[in-house]
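Undergrad: My questions will all concern the structure given below.
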Amino acid sequence: MQAPTVEGGCLCGAIRFELALPTSFCVHCHCSMCRRNHGAGFVTWTGVPKQQLKLLKGAKSLVEYRSSEHGTRGFCKRCGSTLFCESTRHPELIDIVLASLDGPIEREPQAHIYFDTHVDWMPLDDKLPRINGGDLPS
């Protein structure tokens with residue numbers, strides 16, 4: 001039996017991908033890089049082992065940007081949509097922007113991470129754990 005999948009892509013449609021479920025995590029990230037990169041108060045990421053992500057089209061449109069000493073972000077060179085993040089802190093996984101998916105995944109967000117850099121103008125009223133950047137595993 002084949003694992004369930006969900007497709008996703010960028011705003012302009014140049015890049016399309018498919019990920020096989022289950023995911024490894026789903027979190028809201030409040031770090032300043034994610035906020036600036038997405039123009040939002042926080043960004044929701046999910047992640048899968050790299051072998052569970054399949055690029056369906058748009059390899060030539062996918063551009064990478066080294067955003068830190070440990071992270072590289074993948075985005076569409078045509079429309080600018082950020083889609084992926086890879087980190088040397090968990091090299092076996094690829095992070096995928098949840099909002100880039102066409103359908104649901106099998107889990108709800110589990111926590112807020114880098115909460116020590118959370119912005120005051122983004123009110124939160126959920127009961128999810130709030131984890132500061134220094135408290136995350138390396």
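By convention in this document, the chains of the structure tokens carry letters A, B, ... by their order, each chain's residues are numbered from 1, and ligands are numbered from 1 in the order they are shown.
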List the neighbours of segment 55-59 of chain A out to 8 Å using only C-alpha atoms; skip same-chain residues closer than 4 positions along the sequence, and give me the result as number ranges by chain.

TA: A: 14-18

Undergrad: Do you know which residues are at most 9 Å from Cys31 of chain A counting only C-alpha atoms, after dropping those on the same chain fewer than 3 positions away, and could you put them as a ChimeraX atom specification?

TA: /A:34-36,42-43,113-118,133

Undergrad: Please report, as number ranges by chain, each residue of chain A to which DSSP assigns alpha helix (DSSP H) when run on this structure's backbone.

TA: A: 32-38

Undergrad: Pick the closest to Ser24 of chain A from A:Thr82, A:Gln52, A:Thr5, A:Ser68: which is it, counting only C-alpha atoms?

TA: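 The shortest atom-to-atom distance to Ser24 of chain A comes from A:Gln52.
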
Undergrad: For Lys77 of chain A, which residue among A:Lys60, A:Arg89, A:Gly41, A:Gly9 is the nearest when counting only C-alpha atoms?

TA: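 Checking each of A:Lys60, A:Arg89, A:Gly41, A:Gly9 against Lys77 of chain A, counting only C-alpha atoms, the winner is A:Lys60.
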
Undergrad: Using only C-alpha atoms, which of the listed residues (A:Leu19, A:Leu83, A:Met122, A:Cys29) sits closest to Leu136 of chain A?

TA: A:Cys29

Undergrad: Mind giving me the straight-line distance from atom CA of Arg130 of chain A to atom CA of Glu108 of chain A in Å, one decimal?

TA: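 Separation of atom CA of Arg130 of chain A and atom CA of Glu108 of chain A: 15.1 Å.
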
Undergrad: So that I can see what lies close to Gly71 of chain A, please list as a list in words the residues with an atom at most 12 Å from it, counting only C-alpha atoms and leaving out residues fewer than 5 positions away in the same chain.

TA: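 So, after excluding close chain neighbours, the residues are Met33, Cys34, Glu64, Tyr65, Arg66, Phe84, Cys85, Glu86, Ser87, Thr88, Arg89, His90, Pro91, Leu93, Ile94 and Asp95 of chain A.
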
Undergrad: Go through segment 42-82 of chain A and collect every residue that DSSP, computed from the backbone, puts in strand (DSSP E or B); the answer should be as a ChimeraX atom specification.

TA: /A:43-49,53-57,62-66,71-76,82

Undergrad: Would you mind exporting the chosen residues as a PDB file, in the first residue's frame, restricted to N, CA and C atoms?

TA:
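Result file follows (selection.pdb):
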```pdb
ATOM      1  N   VAL A  43       5.601  31.817  10.757  1.00  0.00           N
ATOM      2  CA  VAL A  43       5.407  30.929   9.617  1.00  0.00           C
ATOM      3  C   VAL A  43       5.230  29.509  10.131  1.00  0.00           C
ATOM      4  N   THR A  44       4.301  28.790   9.552  1.00  0.00           N
ATOM      5  CA  THR A  44       4.058  27.405   9.955  1.00  0.00           C
ATOM      6  C   THR A  44       4.787  26.465   8.997  1.00  0.00           C
ATOM      7  N   TRP A  45       5.611  25.622   9.572  1.00  0.00           N
ATOM      8  CA  TRP A  45       6.417  24.654   8.822  1.00  0.00           C
ATOM      9  C   TRP A  45       5.999  23.234   9.176  1.00  0.00           C
ATOM     10  N   THR A  46       6.106  22.364   8.206  1.00  0.00           N
ATOM     11  CA  THR A  46       6.059  20.936   8.462  1.00  0.00           C
ATOM     12  C   THR A  46       7.344  20.364   7.879  1.00  0.00           C
ATOM     13  N   GLY A  47       7.663  19.152   8.231  1.00  0.00           N
ATOM     14  CA  GLY A  47       8.895  18.559   7.724  1.00  0.00           C
ATOM     15  C   GLY A  47       8.735  17.080   7.475  1.00  0.00           C
ATOM     16  N   VAL A  48       9.517  16.599   6.520  1.00  0.00           N
ATOM     17  CA  VAL A  48       9.538  15.178   6.188  1.00  0.00           C
ATOM     18  C   VAL A  48      10.978  14.763   5.911  1.00  0.00           C
ATOM     19  N   PRO A  49      11.287  13.472   6.031  1.00  0.00           N
ATOM     20  CA  PRO A  49      12.580  13.006   5.536  1.00  0.00           C
ATOM     21  C   PRO A  49      12.699  13.359   4.048  1.00  0.00           C
ATOM     22  N   LEU A  53       9.948  13.810  -0.212  1.00  0.00           N
ATOM     23  CA  LEU A  53       9.594  14.967  -1.032  1.00  0.00           C
ATOM     24  C   LEU A  53      10.001  14.701  -2.471  1.00  0.00           C
ATOM     25  N   LYS A  54       9.071  14.916  -3.378  1.00  0.00           N
ATOM     26  CA  LYS A  54       9.328  14.681  -4.800  1.00  0.00           C
ATOM     27  C   LYS A  54       8.971  15.952  -5.569  1.00  0.00           C
ATOM     28  N   LEU A  55       9.922  16.499  -6.300  1.00  0.00           N
ATOM     29  CA  LEU A  55       9.678  17.653  -7.145  1.00  0.00           C
ATOM     30  C   LEU A  55       8.997  17.167  -8.420  1.00  0.00           C
ATOM     31  N   LEU A  56       7.810  17.673  -8.694  1.00  0.00           N
ATOM     32  CA  LEU A  56       7.046  17.257  -9.872  1.00  0.00           C
ATOM     33  C   LEU A  56       7.376  18.097 -11.095  1.00  0.00           C
ATOM     34  N   LYS A  57       7.612  19.396 -10.876  1.00  0.00           N
ATOM     35  CA  LYS A  57       8.038  20.272 -11.970  1.00  0.00           C
ATOM     36  C   LYS A  57       8.662  21.532 -11.403  1.00  0.00           C
ATOM     37  N   LEU A  62      13.536  26.664  -9.108  1.00  0.00           N
ATOM     38  CA  LEU A  62      13.852  26.589  -7.687  1.00  0.00           C
ATOM     39  C   LEU A  62      15.240  27.163  -7.430  1.00  0.00           C
ATOM     40  N   VAL A  63      15.290  28.200  -6.607  1.00  0.00           N
ATOM     41  CA  VAL A  63      16.538  28.879  -6.265  1.00  0.00           C
ATOM     42  C   VAL A  63      16.773  28.703  -4.774  1.00  0.00           C
ATOM     43  N   GLU A  64      18.034  28.608  -4.382  1.00  0.00           N
ATOM     44  CA  GLU A  64      18.371  28.482  -2.974  1.00  0.00           C
ATOM     45  C   GLU A  64      19.081  29.733  -2.472  1.00  0.00           C
ATOM     46  N   TYR A  65      18.806  30.066  -1.220  1.00  0.00           N
ATOM     47  CA  TYR A  65      19.443  31.193  -0.551  1.00  0.00           C
ATOM     48  C   TYR A  65      19.955  30.722   0.799  1.00  0.00           C
ATOM     49  N   ARG A  66      21.223  30.911   1.039  1.00  0.00           N
ATOM     50  CA  ARG A  66      21.833  30.539   2.325  1.00  0.00           C
ATOM     51  C   ARG A  66      21.505  31.645   3.332  1.00  0.00           C
ATOM     52  N   GLY A  71      21.335  27.224   7.654  1.00  0.00           N
ATOM     53  CA  GLY A  71      20.090  27.088   6.909  1.00  0.00           C
ATOM     54  C   GLY A  71      20.136  27.591   5.477  1.00  0.00           C
ATOM     55  N   THR A  72      19.429  26.876   4.620  1.00  0.00           N
ATOM     56  CA  THR A  72      19.272  27.246   3.216  1.00  0.00           C
ATOM     57  C   THR A  72      17.793  27.196   2.872  1.00  0.00           C
ATOM     58  N   ARG A  73      17.291  28.270   2.276  1.00  0.00           N
ATOM     59  CA  ARG A  73      15.873  28.365   1.917  1.00  0.00           C
ATOM     60  C   ARG A  73      15.717  28.211   0.413  1.00  0.00           C
ATOM     61  N   GLY A  74      14.682  27.470   0.015  1.00  0.00           N
ATOM     62  CA  GLY A  74      14.386  27.269  -1.394  1.00  0.00           C
ATOM     63  C   GLY A  74      13.142  28.046  -1.774  1.00  0.00           C
ATOM     64  N   PHE A  75      13.216  28.786  -2.888  1.00  0.00           N
ATOM     65  CA  PHE A  75      12.090  29.611  -3.303  1.00  0.00           C
ATOM     66  C   PHE A  75      11.992  29.658  -4.823  1.00  0.00           C
ATOM     67  N   CYS A  76      10.864  30.122  -5.320  1.00  0.00           N
ATOM     68  CA  CYS A  76      10.635  30.241  -6.754  1.00  0.00           C
ATOM     69  C   CYS A  76      11.256  31.536  -7.266  1.00  0.00           C
ATOM     70  N   THR A  82       8.492  31.329  -0.942  1.00  0.00           N
ATOM     71  CA  THR A  82       9.385  30.459  -0.186  1.00  0.00           C
ATOM     72  C   THR A  82       8.676  29.134   0.035  1.00  0.00           C
TER      73      THR A  82
END
```

Undergrad: Report, in Å with one decimal, the straight-line distance from atom CA of Lys127 of chain A to atom CA of Pro104 of chain A.

TA: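 It comes out at 21.1 Å.
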
Undergrad: Grab the atom CA of Leu11 of chain A to atom CA of Ala111 of chain A distance for me, in Å with one decimal place.

TA: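 Interatomic distance here is 26.4 Å.
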
Undergrad: Which one of A:Gln2, A:Glu92, A:Gly13, A:Gly8 sits closest to Arg78 of chain A if you count only C-alpha atoms?

TA: A:Gly13

Undergrad: Which residue gives the smallest distance to Cys79 of chain A among A:Cys12, A:Asp102, A:Met1, A:Asp120, with only C-alpha atoms counted?

TA: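 Between A:Cys12, A:Asp102, A:Met1, A:Asp120, the residue approaching Cys79 of chain A most closely is A:Cys12.
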
Undergrad: Using only C-alpha atoms, which residue out of A:Gly39, A:Gly103, A:Gly134, A:Pro4 lies closest to Pro22 of chain A?

TA: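 Using only C-alpha atoms, Pro22 of chain A sits closest to A:Pro4.
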